[in-house]
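Q: Supplied in structure tokens, the structure appears directly below.
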Amino acid sequence: MMRTFSTVGGQIEQIEKPAPGSWICLSEPTDVELATVSEACDIDLADLRAPLDDEERSRVDVEDNYTMIIVDIPTVEERGGRDWYETIPLSIIIVDDIIITVCMQDTPVLHPFMEGTIRGFNTFMKSRFILQILYRNATMYLRYLRIIDRESDKLELKLRHSMQNREILMLLELSKTLVYFTTSLKSNEIVMEKLNTLSRIRQYPDDQDLLDDVIIENKQAIEMANIYSGVLANMTDAFASVVSNNLNNVMRVFTIISITLSIPTLIFSMYGMNFQEGMLGMPFTGHAWGFAIVIVISLLVSVLVTWFLTRSRMFK
């Protein structure tokens, strides 16, 4: 989808055709839209297609008539009724009088710009627009990191009484997300450092302060991702041991039950079909209450064995 915006009278408006100082937003673009922008703005079609590859790395490319900046942005993907977080590339291309963004999805990172809710946003100020996108991107990382932290807290409560692998696998999925976030944030940090020395992009007086804020927010996101990643790794190991310990407790109960039931089974199997009067060497065979006495004795022995096993150090 191709949309064009421009700041008119201090307000962001969607226009029909690109004009000087406008912003072309390509979200899930078709081949026709890419070819149209490539021909109209004299941009290499391969560069326009670059962010459509989810493995594209963050970088800054300076060409003869345009500059391309690719950064990784966070995105939400629904799988199995749950939200999972990944990163995808976003390309920002600066031509002489037009700025172009290309992304494989309609990302929420750009929605506030389209809605005009970003303070001080103006499509004519290309360098500030780039920094505002990067700042918005860093804040989105921080927001998703806080959501991941809350999700891990919920999983922790479930894991306290769980013996299933589902919660452990969800923790591993969150850990994988944090690895993606950390890698992407570090790549974005390199891009920001290069922007600080890029002379082609003219900066306004307040842009340096905004760039410093972007770098600070990005570093904070990196630190949070590293902290949460370490916490999740330790939590995964700890609760894997908890699940194993819970399983051992269940096996302990089953073992005690199995040993207890083996006592009457052993006694009854010795008597078997031989519980009859006159049977030599078989106690109580000649007694009128012999069968009842054998049952009572087996029950008493079973209770005694159960009491002993429940207090034995081997089963604690």
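To be explicit about the labels: the chains of the structure tokens are called A, B, and onward in the order shown, and within each one the residues are counted from 1, while ligands get numbers from 1 in the order they are shown.
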Quick one: residues within 12 Å of A:Thr306, only C-alpha atoms counted, chain neighbours fewer than 2 positions away excluded, as an mmCIF file with all heavy atoms, in the first residue's frame?
A:
data_model
loop_
_atom_site.group_PDB
_atom_site.id
_atom_site.type_symbol
_atom_site.label_atom_id
_atom_site.label_comp_id
_atom_site.auth_asym_id
_atom_site.auth_seq_id
_atom_site.Cartn_x
_atom_site.Cartn_y
_atom_site.Cartn_z
ATOM 1 N N ARG A 252 7.847 -40.256 44.039
ATOM 2 C CA ARG A 252 8.014 -40.678 45.432
ATOM 3 C C ARG A 252 6.711 -41.258 45.965
ATOM 4 O O ARG A 252 6.702 -42.321 46.607
ATOM 5 C CB ARG A 252 8.455 -39.483 46.272
ATOM 6 C CG ARG A 252 8.386 -39.691 47.772
ATOM 7 C CD ARG A 252 8.829 -38.431 48.494
ATOM 8 N NE ARG A 252 8.598 -38.518 49.918
ATOM 9 C CZ ARG A 252 7.485 -38.124 50.521
ATOM 10 N NH1 ARG A 252 6.487 -37.636 49.793
ATOM 11 N NH2 ARG A 252 7.350 -38.225 51.829
ATOM 12 N N VAL A 253 5.610 -40.556 45.706
ATOM 13 C CA VAL A 253 4.303 -41.044 46.168
ATOM 14 C C VAL A 253 3.960 -42.369 45.513
ATOM 15 O O VAL A 253 3.511 -43.320 46.174
ATOM 16 C CB VAL A 253 3.214 -39.998 45.878
ATOM 17 C CG1 VAL A 253 1.836 -40.541 46.229
ATOM 18 C CG2 VAL A 253 3.486 -38.718 46.665
ATOM 19 N N PHE A 254 4.190 -42.460 44.206
ATOM 20 C CA PHE A 254 3.885 -43.704 43.504
ATOM 21 C C PHE A 254 4.747 -44.849 44.005
ATOM 22 O O PHE A 254 4.292 -45.998 44.092
ATOM 23 C CB PHE A 254 4.082 -43.515 41.997
ATOM 24 C CG PHE A 254 3.001 -42.714 41.340
ATOM 25 C CD1 PHE A 254 3.190 -42.139 40.094
ATOM 26 C CD2 PHE A 254 1.775 -42.522 41.962
ATOM 27 C CE1 PHE A 254 2.190 -41.394 39.486
ATOM 28 C CE2 PHE A 254 0.769 -41.788 41.372
ATOM 29 C CZ PHE A 254 0.976 -41.217 40.130
ATOM 30 N N THR A 255 6.008 -44.549 44.321
ATOM 31 C CA THR A 255 6.898 -45.602 44.834
ATOM 32 C C THR A 255 6.421 -46.118 46.181
ATOM 33 O O THR A 255 6.412 -47.338 46.431
ATOM 34 C CB THR A 255 8.333 -45.058 44.959
ATOM 35 O OG1 THR A 255 8.775 -44.608 43.680
ATOM 36 C CG2 THR A 255 9.278 -46.133 45.463
ATOM 37 N N ILE A 256 6.025 -45.207 47.082
ATOM 38 C CA ILE A 256 5.508 -45.629 48.388
ATOM 39 C C ILE A 256 4.250 -46.471 48.220
ATOM 40 O O ILE A 256 4.074 -47.505 48.877
ATOM 41 C CB ILE A 256 5.248 -44.387 49.265
ATOM 42 C CG1 ILE A 256 6.567 -43.703 49.620
ATOM 43 C CG2 ILE A 256 4.484 -44.767 50.531
ATOM 44 C CD1 ILE A 256 6.401 -42.400 50.378
ATOM 45 N N ILE A 257 3.355 -46.026 47.339
ATOM 46 C CA ILE A 257 2.124 -46.799 47.095
ATOM 47 C C ILE A 257 2.457 -48.180 46.541
ATOM 48 O O ILE A 257 1.887 -49.198 46.953
ATOM 49 C CB ILE A 257 1.203 -46.028 46.126
ATOM 50 C CG1 ILE A 257 0.703 -44.740 46.786
ATOM 51 C CG2 ILE A 257 0.031 -46.899 45.692
ATOM 52 C CD1 ILE A 257 -0.095 -43.849 45.860
ATOM 53 N N SER A 258 3.405 -48.223 45.600
ATOM 54 C CA SER A 258 3.779 -49.504 44.993
ATOM 55 C C SER A 258 4.371 -50.465 46.024
ATOM 56 O O SER A 258 4.015 -51.658 46.070
ATOM 57 C CB SER A 258 4.777 -49.257 43.859
ATOM 58 O OG SER A 258 5.214 -50.464 43.293
ATOM 59 N N ILE A 259 5.272 -49.945 46.887
ATOM 60 C CA ILE A 259 5.873 -50.816 47.911
ATOM 61 C C ILE A 259 4.824 -51.260 48.914
ATOM 62 O O ILE A 259 4.799 -52.430 49.345
ATOM 63 C CB ILE A 259 7.032 -50.079 48.612
ATOM 64 C CG1 ILE A 259 8.175 -49.818 47.615
ATOM 65 C CG2 ILE A 259 7.548 -50.881 49.799
ATOM 66 C CD1 ILE A 259 9.314 -48.997 48.190
ATOM 67 N N THR A 260 3.921 -50.351 49.292
ATOM 68 C CA THR A 260 2.872 -50.696 50.264
ATOM 69 C C THR A 260 1.960 -51.790 49.717
ATOM 70 O O THR A 260 1.611 -52.753 50.420
ATOM 71 C CB THR A 260 2.054 -49.441 50.602
ATOM 72 O OG1 THR A 260 2.921 -48.445 51.147
ATOM 73 C CG2 THR A 260 0.973 -49.766 51.613
ATOM 74 N N LEU A 261 1.568 -51.663 48.471
ATOM 75 C CA LEU A 261 0.685 -52.675 47.882
ATOM 76 C C LEU A 261 1.390 -54.001 47.655
ATOM 77 O O LEU A 261 0.732 -55.054 47.559
ATOM 78 C CB LEU A 261 0.123 -52.152 46.547
ATOM 79 C CG LEU A 261 -0.842 -50.971 46.645
ATOM 80 C CD1 LEU A 261 -1.272 -50.532 45.252
ATOM 81 C CD2 LEU A 261 -2.067 -51.337 47.478
ATOM 82 N N SER A 262 2.704 -53.960 47.558
ATOM 83 C CA SER A 262 3.416 -55.227 47.336
ATOM 84 C C SER A 262 3.409 -56.130 48.578
ATOM 85 O O SER A 262 3.581 -57.342 48.455
ATOM 86 C CB SER A 262 4.867 -54.933 46.916
ATOM 87 O OG SER A 262 5.591 -54.360 47.984
ATOM 88 N N ILE A 263 3.208 -55.531 49.780
ATOM 89 C CA ILE A 263 3.206 -56.340 51.014
ATOM 90 C C ILE A 263 2.031 -57.317 51.043
ATOM 91 O O ILE A 263 2.234 -58.540 51.164
ATOM 92 C CB ILE A 263 3.201 -55.419 52.251
ATOM 93 C CG1 ILE A 263 4.428 -54.491 52.247
ATOM 94 C CG2 ILE A 263 3.149 -56.254 53.529
ATOM 95 C CD1 ILE A 263 5.745 -55.217 52.247
ATOM 96 N N LEU A 299 -2.621 -55.962 56.474
ATOM 97 C CA LEU A 299 -2.952 -54.541 56.556
ATOM 98 C C LEU A 299 -2.071 -53.823 57.559
ATOM 99 O O LEU A 299 -1.601 -52.706 57.315
ATOM 100 C CB LEU A 299 -4.426 -54.364 56.921
ATOM 101 C CG LEU A 299 -5.446 -54.773 55.849
ATOM 102 C CD1 LEU A 299 -6.861 -54.628 56.374
ATOM 103 C CD2 LEU A 299 -5.263 -53.928 54.585
ATOM 104 N N LEU A 300 -1.850 -54.449 58.700
ATOM 105 C CA LEU A 300 -0.994 -53.837 59.717
ATOM 106 C C LEU A 300 0.430 -53.671 59.209
ATOM 107 O O LEU A 300 1.064 -52.630 59.432
ATOM 108 C CB LEU A 300 -1.021 -54.690 60.996
ATOM 109 C CG LEU A 300 -2.337 -54.691 61.775
ATOM 110 C CD1 LEU A 300 -2.249 -55.660 62.957
ATOM 111 C CD2 LEU A 300 -2.675 -53.296 62.273
ATOM 112 N N VAL A 301 0.949 -54.709 58.543
ATOM 113 C CA VAL A 301 2.304 -54.614 57.987
ATOM 114 C C VAL A 301 2.372 -53.517 56.931
ATOM 115 O O VAL A 301 3.344 -52.754 56.866
ATOM 116 C CB VAL A 301 2.739 -55.975 57.400
ATOM 117 C CG1 VAL A 301 4.078 -55.826 56.682
ATOM 118 C CG2 VAL A 301 2.840 -57.024 58.491
ATOM 119 N N SER A 302 1.323 -53.385 56.093
ATOM 120 C CA SER A 302 1.294 -52.343 55.059
ATOM 121 C C SER A 302 1.303 -50.950 55.681
ATOM 122 O O SER A 302 2.012 -50.046 55.223
ATOM 123 C CB SER A 302 0.060 -52.506 54.172
ATOM 124 O OG SER A 302 0.077 -53.751 53.497
ATOM 125 N N VAL A 303 0.487 -50.771 56.755
ATOM 126 C CA VAL A 303 0.455 -49.476 57.437
ATOM 127 C C VAL A 303 1.815 -49.160 58.051
ATOM 128 O O VAL A 303 2.303 -48.032 57.983
ATOM 129 C CB VAL A 303 -0.641 -49.478 58.521
ATOM 130 C CG1 VAL A 303 -0.538 -48.216 59.388
ATOM 131 C CG2 VAL A 303 -2.006 -49.559 57.877
ATOM 132 N N LEU A 304 2.441 -50.169 58.661
ATOM 133 C CA LEU A 304 3.762 -49.965 59.266
ATOM 134 C C LEU A 304 4.805 -49.597 58.220
ATOM 135 O O LEU A 304 5.617 -48.685 58.427
ATOM 136 C CB LEU A 304 4.179 -51.243 60.007
ATOM 137 C CG LEU A 304 5.539 -51.189 60.720
ATOM 138 C CD1 LEU A 304 5.509 -50.125 61.810
ATOM 139 C CD2 LEU A 304 5.895 -52.558 61.303
ATOM 140 N N PHE A 308 6.839 -46.035 57.852
ATOM 141 C CA PHE A 308 8.299 -46.013 57.817
ATOM 142 C C PHE A 308 8.819 -45.296 56.573
ATOM 143 O O PHE A 308 9.748 -44.488 56.638
ATOM 144 C CB PHE A 308 8.838 -47.448 57.868
ATOM 145 C CG PHE A 308 10.329 -47.537 57.658
ATOM 146 C CD1 PHE A 308 11.216 -47.214 58.678
ATOM 147 C CD2 PHE A 308 10.859 -47.930 56.424
ATOM 148 C CE1 PHE A 308 12.582 -47.280 58.487
ATOM 149 C CE2 PHE A 308 12.221 -47.998 56.233
ATOM 150 C CZ PHE A 308 13.083 -47.684 57.271
ATOM 151 N N LEU A 309 8.207 -45.589 55.407
ATOM 152 C CA LEU A 309 8.671 -44.985 54.152
ATOM 153 C C LEU A 309 8.442 -43.492 54.100
ATOM 154 O O LEU A 309 9.247 -42.733 53.561
ATOM 155 C CB LEU A 309 8.011 -45.675 52.960
ATOM 156 C CG LEU A 309 8.411 -47.130 52.708
ATOM 157 C CD1 LEU A 309 7.611 -47.695 51.541
ATOM 158 C CD2 LEU A 309 9.909 -47.257 52.435
ATOM 159 N N THR A 310 7.316 -43.034 54.648
ATOM 160 C CA THR A 310 7.019 -41.595 54.610
ATOM 161 C C THR A 310 7.967 -40.795 55.484
ATOM 162 O O THR A 310 8.108 -39.572 55.314
ATOM 163 C CB THR A 310 5.574 -41.341 55.053
ATOM 164 O OG1 THR A 310 5.363 -41.971 56.326
ATOM 165 C CG2 THR A 310 4.597 -41.877 54.038
ATOM 166 N N ARG A 311 8.630 -41.452 56.420
ATOM 167 C CA ARG A 311 9.572 -40.771 57.295
ATOM 168 C C ARG A 311 11.018 -41.134 56.998
ATOM 169 O O ARG A 311 11.928 -40.653 57.679
ATOM 170 C CB ARG A 311 9.251 -41.106 58.763
ATOM 171 C CG ARG A 311 8.020 -40.360 59.248
ATOM 172 C CD ARG A 311 7.416 -41.002 60.478
ATOM 173 N NE ARG A 311 6.293 -40.192 60.964
ATOM 174 C CZ ARG A 311 5.104 -40.160 60.388
ATOM 175 N NH1 ARG A 311 4.880 -40.885 59.292
ATOM 176 N NH2 ARG A 311 4.134 -39.413 60.875
ATOM 177 N N SER A 312 11.214 -41.940 55.993
ATOM 178 C CA SER A 312 12.568 -42.334 55.637
ATOM 179 C C SER A 312 13.249 -41.213 54.877
ATOM 180 O O SER A 312 12.642 -40.505 54.063
ATOM 181 C CB SER A 312 12.537 -43.605 54.779
ATOM 182 O OG SER A 312 13.832 -43.928 54.331
ATOM 183 N N PHE A 315 13.097 -41.004 50.948
ATOM 184 C CA PHE A 315 11.901 -40.561 50.236
ATOM 185 C C PHE A 315 11.488 -39.148 50.626
ATOM 186 O O PHE A 315 10.340 -38.774 50.525
ATOM 187 C CB PHE A 315 10.742 -41.529 50.522
ATOM 188 C CG PHE A 315 10.948 -42.898 49.951
ATOM 189 C CD1 PHE A 315 11.539 -43.888 50.714
ATOM 190 C CD2 PHE A 315 10.593 -43.177 48.643
ATOM 191 C CE1 PHE A 315 11.735 -45.158 50.179
ATOM 192 C CE2 PHE A 315 10.784 -44.443 48.112
ATOM 193 C CZ PHE A 315 11.362 -45.432 48.868
#
Q: Find the spatial neighbours of A:Tyr228, counting only C-alpha atoms, within a cut-off of 9 Å - ignore same-chain residues fewer than 6 positions away - and output them as a PDB file with all heavy atoms, in the first residue's frame.
A:
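Result saved to part.pdb:
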ATOM      1  N   LEU A 145       9.366  -4.423  25.698  1.00  0.00           N
ATOM      2  CA  LEU A 145      10.183  -5.056  26.728  1.00  0.00           C
ATOM      3  C   LEU A 145       9.440  -5.096  28.057  1.00  0.00           C
ATOM      4  O   LEU A 145       9.524  -6.086  28.801  1.00  0.00           O
ATOM      5  CB  LEU A 145      11.507  -4.313  26.878  1.00  0.00           C
ATOM      6  CG  LEU A 145      12.540  -4.557  25.761  1.00  0.00           C
ATOM      7  CD1 LEU A 145      13.699  -3.587  25.888  1.00  0.00           C
ATOM      8  CD2 LEU A 145      13.061  -5.993  25.812  1.00  0.00           C
ATOM      9  N   ILE A 148       6.920  -7.848  27.795  1.00  0.00           N
ATOM     10  CA  ILE A 148       7.582  -9.146  27.942  1.00  0.00           C
ATOM     11  C   ILE A 148       7.900  -9.426  29.405  1.00  0.00           C
ATOM     12  O   ILE A 148       7.749 -10.558  29.892  1.00  0.00           O
ATOM     13  CB  ILE A 148       8.859  -9.185  27.084  1.00  0.00           C
ATOM     14  CG1 ILE A 148       8.500  -9.198  25.603  1.00  0.00           C
ATOM     15  CG2 ILE A 148       9.721 -10.399  27.424  1.00  0.00           C
ATOM     16  CD1 ILE A 148       9.692  -9.058  24.671  1.00  0.00           C
ATOM     17  N   ASP A 149       8.314  -8.391  30.146  1.00  0.00           N
ATOM     18  CA  ASP A 149       8.605  -8.564  31.566  1.00  0.00           C
ATOM     19  C   ASP A 149       7.349  -8.962  32.330  1.00  0.00           C
ATOM     20  O   ASP A 149       7.387  -9.844  33.209  1.00  0.00           O
ATOM     21  CB  ASP A 149       9.180  -7.265  32.128  1.00  0.00           C
ATOM     22  CG  ASP A 149       9.610  -7.393  33.573  1.00  0.00           C
ATOM     23  OD1 ASP A 149      10.250  -8.401  33.919  1.00  0.00           O
ATOM     24  OD2 ASP A 149       9.306  -6.491  34.371  1.00  0.00           O
ATOM     25  N   SER A 175      12.728 -15.697  25.672  1.00  0.00           N
ATOM     26  CA  SER A 175      14.187 -15.526  25.672  1.00  0.00           C
ATOM     27  C   SER A 175      14.709 -15.317  24.258  1.00  0.00           C
ATOM     28  O   SER A 175      15.591 -14.476  24.023  1.00  0.00           O
ATOM     29  CB  SER A 175      14.857 -16.750  26.307  1.00  0.00           C
ATOM     30  OG  SER A 175      14.470 -16.906  27.654  1.00  0.00           O
ATOM     31  N   LEU A 178      14.029 -11.778  23.188  1.00  0.00           N
ATOM     32  CA  LEU A 178      14.973 -10.830  23.778  1.00  0.00           C
ATOM     33  C   LEU A 178      16.320 -10.859  23.065  1.00  0.00           C
ATOM     34  O   LEU A 178      16.987  -9.824  22.943  1.00  0.00           O
ATOM     35  CB  LEU A 178      15.151 -11.132  25.265  1.00  0.00           C
ATOM     36  CG  LEU A 178      13.929 -10.819  26.139  1.00  0.00           C
ATOM     37  CD1 LEU A 178      14.165 -11.276  27.565  1.00  0.00           C
ATOM     38  CD2 LEU A 178      13.608  -9.334  26.109  1.00  0.00           C
TER      39      LEU A 178
END
Q: Of the candidates A:Ser22, A:Thr107, A:Thr101, A:Thr265, which shows the shortest atom-to-atom distance to A:Pro51, using only C-alpha atoms?
A: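 Closest residue, counting only C-alpha atoms: A:Thr101.
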Q: What residues in stretch 28-277 of chain A get the DSSP label strand (DSSP E or B)? Please answer as a ChimeraX atom specification.
A: /A:59-62,67-79,82-94,98-103
Q: Please produce a file of the residues just selected, as an mmCIF file, in the first residue's frame, where the atoms kept are N, CA and C atoms.
A:
data_model
loop_
_atom_site.group_PDB
_atom_site.id
_atom_site.type_symbol
_atom_site.label_atom_id
_atom_site.label_comp_id
_atom_site.auth_asym_id
_atom_site.auth_seq_id
_atom_site.Cartn_x
_atom_site.Cartn_y
_atom_site.Cartn_z
ATOM 1 N N ARG A 59 21.801 -0.674 8.361
ATOM 2 C CA ARG A 59 22.969 -0.029 7.752
ATOM 3 C C ARG A 59 22.586 1.330 7.193
ATOM 4 N N VAL A 60 23.599 2.080 6.769
ATOM 5 C CA VAL A 60 23.412 3.357 6.089
ATOM 6 C C VAL A 60 24.150 3.284 4.762
ATOM 7 N N ASP A 61 23.431 3.485 3.663
ATOM 8 C CA ASP A 61 24.017 3.481 2.324
ATOM 9 C C ASP A 61 23.884 4.881 1.723
ATOM 10 N N VAL A 62 24.987 5.415 1.271
ATOM 11 C CA VAL A 62 24.991 6.744 0.653
ATOM 12 C C VAL A 62 25.234 6.570 -0.839
ATOM 13 N N THR A 67 20.081 8.840 0.021
ATOM 14 C CA THR A 67 20.681 8.171 1.179
ATOM 15 C C THR A 67 19.648 7.211 1.760
ATOM 16 N N MET A 68 20.067 5.970 2.002
ATOM 17 C CA MET A 68 19.149 4.965 2.533
ATOM 18 C C MET A 68 19.602 4.538 3.934
ATOM 19 N N ILE A 69 18.668 4.575 4.865
ATOM 20 C CA ILE A 69 18.906 4.148 6.247
ATOM 21 C C ILE A 69 17.978 2.980 6.546
ATOM 22 N N ILE A 70 18.549 1.863 6.971
ATOM 23 C CA ILE A 70 17.751 0.691 7.333
ATOM 24 C C ILE A 70 17.957 0.402 8.812
ATOM 25 N N VAL A 71 16.867 0.333 9.556
ATOM 26 C CA VAL A 71 16.908 -0.011 10.979
ATOM 27 C C VAL A 71 15.913 -1.140 11.232
ATOM 28 N N ASP A 72 16.123 -1.845 12.335
ATOM 29 C CA ASP A 72 15.201 -2.907 12.749
ATOM 30 C C ASP A 72 14.163 -2.324 13.696
ATOM 31 N N ILE A 73 12.909 -2.660 13.464
ATOM 32 C CA ILE A 73 11.823 -2.180 14.313
ATOM 33 C C ILE A 73 11.093 -3.379 14.908
ATOM 34 N N PRO A 74 10.498 -3.230 16.089
ATOM 35 C CA PRO A 74 9.762 -4.347 16.692
ATOM 36 C C PRO A 74 8.389 -4.509 16.060
ATOM 37 N N THR A 75 7.919 -5.719 16.037
ATOM 38 C CA THR A 75 6.591 -5.997 15.504
ATOM 39 C C THR A 75 5.954 -7.118 16.308
ATOM 40 N N VAL A 76 4.640 -7.203 16.242
ATOM 41 C CA VAL A 76 3.874 -8.205 16.989
ATOM 42 C C VAL A 76 3.290 -9.197 16.010
ATOM 43 N N GLU A 77 3.457 -10.480 16.314
ATOM 44 C CA GLU A 77 2.900 -11.552 15.489
ATOM 45 C C GLU A 77 2.064 -12.456 16.379
ATOM 46 N N GLU A 78 0.851 -12.746 15.941
ATOM 47 C CA GLU A 78 -0.043 -13.592 16.731
ATOM 48 C C GLU A 78 0.116 -15.053 16.315
ATOM 49 N N ARG A 79 0.431 -15.896 17.287
ATOM 50 C CA ARG A 79 0.567 -17.328 17.052
ATOM 51 C C ARG A 79 -0.061 -18.073 18.213
ATOM 52 N N ARG A 82 -1.678 -16.033 21.045
ATOM 53 C CA ARG A 82 -0.820 -15.199 21.872
ATOM 54 C C ARG A 82 -0.003 -14.260 20.992
ATOM 55 N N ASP A 83 0.411 -13.153 21.573
ATOM 56 C CA ASP A 83 1.244 -12.182 20.852
ATOM 57 C C ASP A 83 2.716 -12.505 21.083
ATOM 58 N N TRP A 84 3.455 -12.616 19.992
ATOM 59 C CA TRP A 84 4.903 -12.830 20.062
ATOM 60 C C TRP A 84 5.586 -11.687 19.332
ATOM 61 N N TYR A 85 6.767 -11.348 19.761
ATOM 62 C CA TYR A 85 7.446 -10.152 19.277
ATOM 63 C C TYR A 85 8.671 -10.530 18.458
ATOM 64 N N GLU A 86 8.808 -9.852 17.330
ATOM 65 C CA GLU A 86 9.934 -10.072 16.431
ATOM 66 C C GLU A 86 10.436 -8.711 15.952
ATOM 67 N N THR A 87 11.450 -8.733 15.108
ATOM 68 C CA THR A 87 11.965 -7.498 14.512
ATOM 69 C C THR A 87 11.972 -7.630 12.995
ATOM 70 N N ILE A 88 11.676 -6.534 12.333
ATOM 71 C CA ILE A 88 11.678 -6.489 10.871
ATOM 72 C C ILE A 88 12.381 -5.208 10.433
ATOM 73 N N PRO A 89 12.899 -5.164 9.198
ATOM 74 C CA PRO A 89 13.601 -3.949 8.735
ATOM 75 C C PRO A 89 12.624 -2.840 8.327
ATOM 76 N N LEU A 90 13.055 -1.628 8.544
ATOM 77 C CA LEU A 90 12.364 -0.440 8.056
ATOM 78 C C LEU A 90 13.395 0.426 7.328
ATOM 79 N N SER A 91 13.072 0.788 6.103
ATOM 80 C CA SER A 91 13.986 1.590 5.290
ATOM 81 C C SER A 91 13.494 3.035 5.232
ATOM 82 N N ILE A 92 14.421 3.961 5.428
ATOM 83 C CA ILE A 92 14.134 5.393 5.292
ATOM 84 C C ILE A 92 15.058 5.926 4.205
ATOM 85 N N ILE A 93 14.478 6.383 3.112
ATOM 86 C CA ILE A 93 15.249 6.855 1.956
ATOM 87 C C ILE A 93 15.025 8.354 1.800
ATOM 88 N N ILE A 94 16.115 9.098 1.759
ATOM 89 C CA ILE A 94 16.035 10.557 1.645
ATOM 90 C C ILE A 94 16.506 10.965 0.259
ATOM 91 N N ILE A 98 12.144 14.731 -0.980
ATOM 92 C CA ILE A 98 11.134 13.760 -0.573
ATOM 93 C C ILE A 98 11.777 12.730 0.346
ATOM 94 N N ILE A 99 11.005 12.271 1.318
ATOM 95 C CA ILE A 99 11.451 11.190 2.190
ATOM 96 C C ILE A 99 10.522 9.997 1.975
ATOM 97 N N ILE A 100 11.114 8.810 1.906
ATOM 98 C CA ILE A 100 10.360 7.590 1.604
ATOM 99 C C ILE A 100 10.642 6.566 2.700
ATOM 100 N N THR A 101 9.591 5.931 3.182
ATOM 101 C CA THR A 101 9.737 4.816 4.127
ATOM 102 C C THR A 101 9.164 3.566 3.487
ATOM 103 N N VAL A 102 9.884 2.457 3.665
ATOM 104 C CA VAL A 102 9.466 1.182 3.090
ATOM 105 C C VAL A 102 9.515 0.127 4.185
ATOM 106 N N CYS A 103 8.429 -0.623 4.329
ATOM 107 C CA CYS A 103 8.374 -1.696 5.334
ATOM 108 C C CYS A 103 7.477 -2.802 4.814
#
Q: If you measure from atom CA of A:Asp53 to atom CA of A:Tyr144, what distance in Å do you get, rounded to one decimal?
A: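 Separating atom CA of A:Asp53 from atom CA of A:Tyr144 is a distance of 22.4 Å.
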Q: Between A:Leu232, A:Leu131, A:Arg49, A:Phe113, which is the closest to A:Arg150 once you count only C-alpha atoms?
A: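 Looking only at the distances to A:Arg150, the closest residue turns out to be A:Leu232.
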Q: Using only C-alpha atoms, which residues sit within 7 Å of A:Val191 once same-chain residues fewer than 2 positions away are excluded, as a PyMOL selection string?
A: chain A and resi 58-60+187-189+193-195
Q: Just write the chosen residues, C-alpha atoms, as a PDB file, in the first residue's frame.
A:
ATOM      1  CA  SER A  58      20.696  -2.384   9.675  1.00  0.00           C
ATOM      2  CA  ARG A  59      22.969  -0.029   7.752  1.00  0.00           C
ATOM      3  CA  VAL A  60      23.412   3.357   6.089  1.00  0.00           C
ATOM      4  CA  SER A 187      22.678  -2.766  15.074  1.00  0.00           C
ATOM      5  CA  ASN A 188      20.500   0.335  15.341  1.00  0.00           C
ATOM      6  CA  GLU A 189      23.036   1.875  17.709  1.00  0.00           C
ATOM      7  CA  GLU A 193      26.484   6.676  15.525  1.00  0.00           C
ATOM      8  CA  LYS A 194      26.979   6.888  11.777  1.00  0.00           C
ATOM      9  CA  LEU A 195      24.140   9.408  11.460  1.00  0.00           C
TER      10      LEU A 195
END
Q: Fewer than 4 positions away in the same chain doesn't count, so skip those; otherwise give me all residues within 9 Å of A:Glu167, counting only C-alpha atoms, as a ChimeraX atom specification.
A: /A:155-156,158-159,162,171-172
Q: As an exercise, work out the distance from atom CA of A:Thr177 to atom CA of A:Val242 in Å and give it to one decimal place.
A: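 Atom CA of A:Val242 lies 23.5 Å from atom CA of A:Thr177.
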Q: Set the distance at 12 Å and use only C-alpha atoms: which residues neighbour A:Ile12 once local chain neighbours fewer than 4 positions away are removed? I'd like the list as a ChimeraX atom specification.
A: /A:4-8,21-23,111-124
Q: Could you check which of A:Thr36, A:Gln220, A:Ser298, A:Ser184 is closest to A:Arg57, using only C-alpha atoms?
A: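 Closest residue, counting only C-alpha atoms: A:Ser184.
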Q: Between A:Ala138, A:Asp64, A:Met2, A:Ala35, which one has atoms that come closest to A:Asp106, using only C-alpha atoms?
A: A:Met2
Q: Could you check how far atom CA of A:Ile15 sits from atom CA of A:Tyr66, in Å to one decimal?
A: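 Separating atom CA of A:Ile15 from atom CA of A:Tyr66 is a distance of 22.6 Å.
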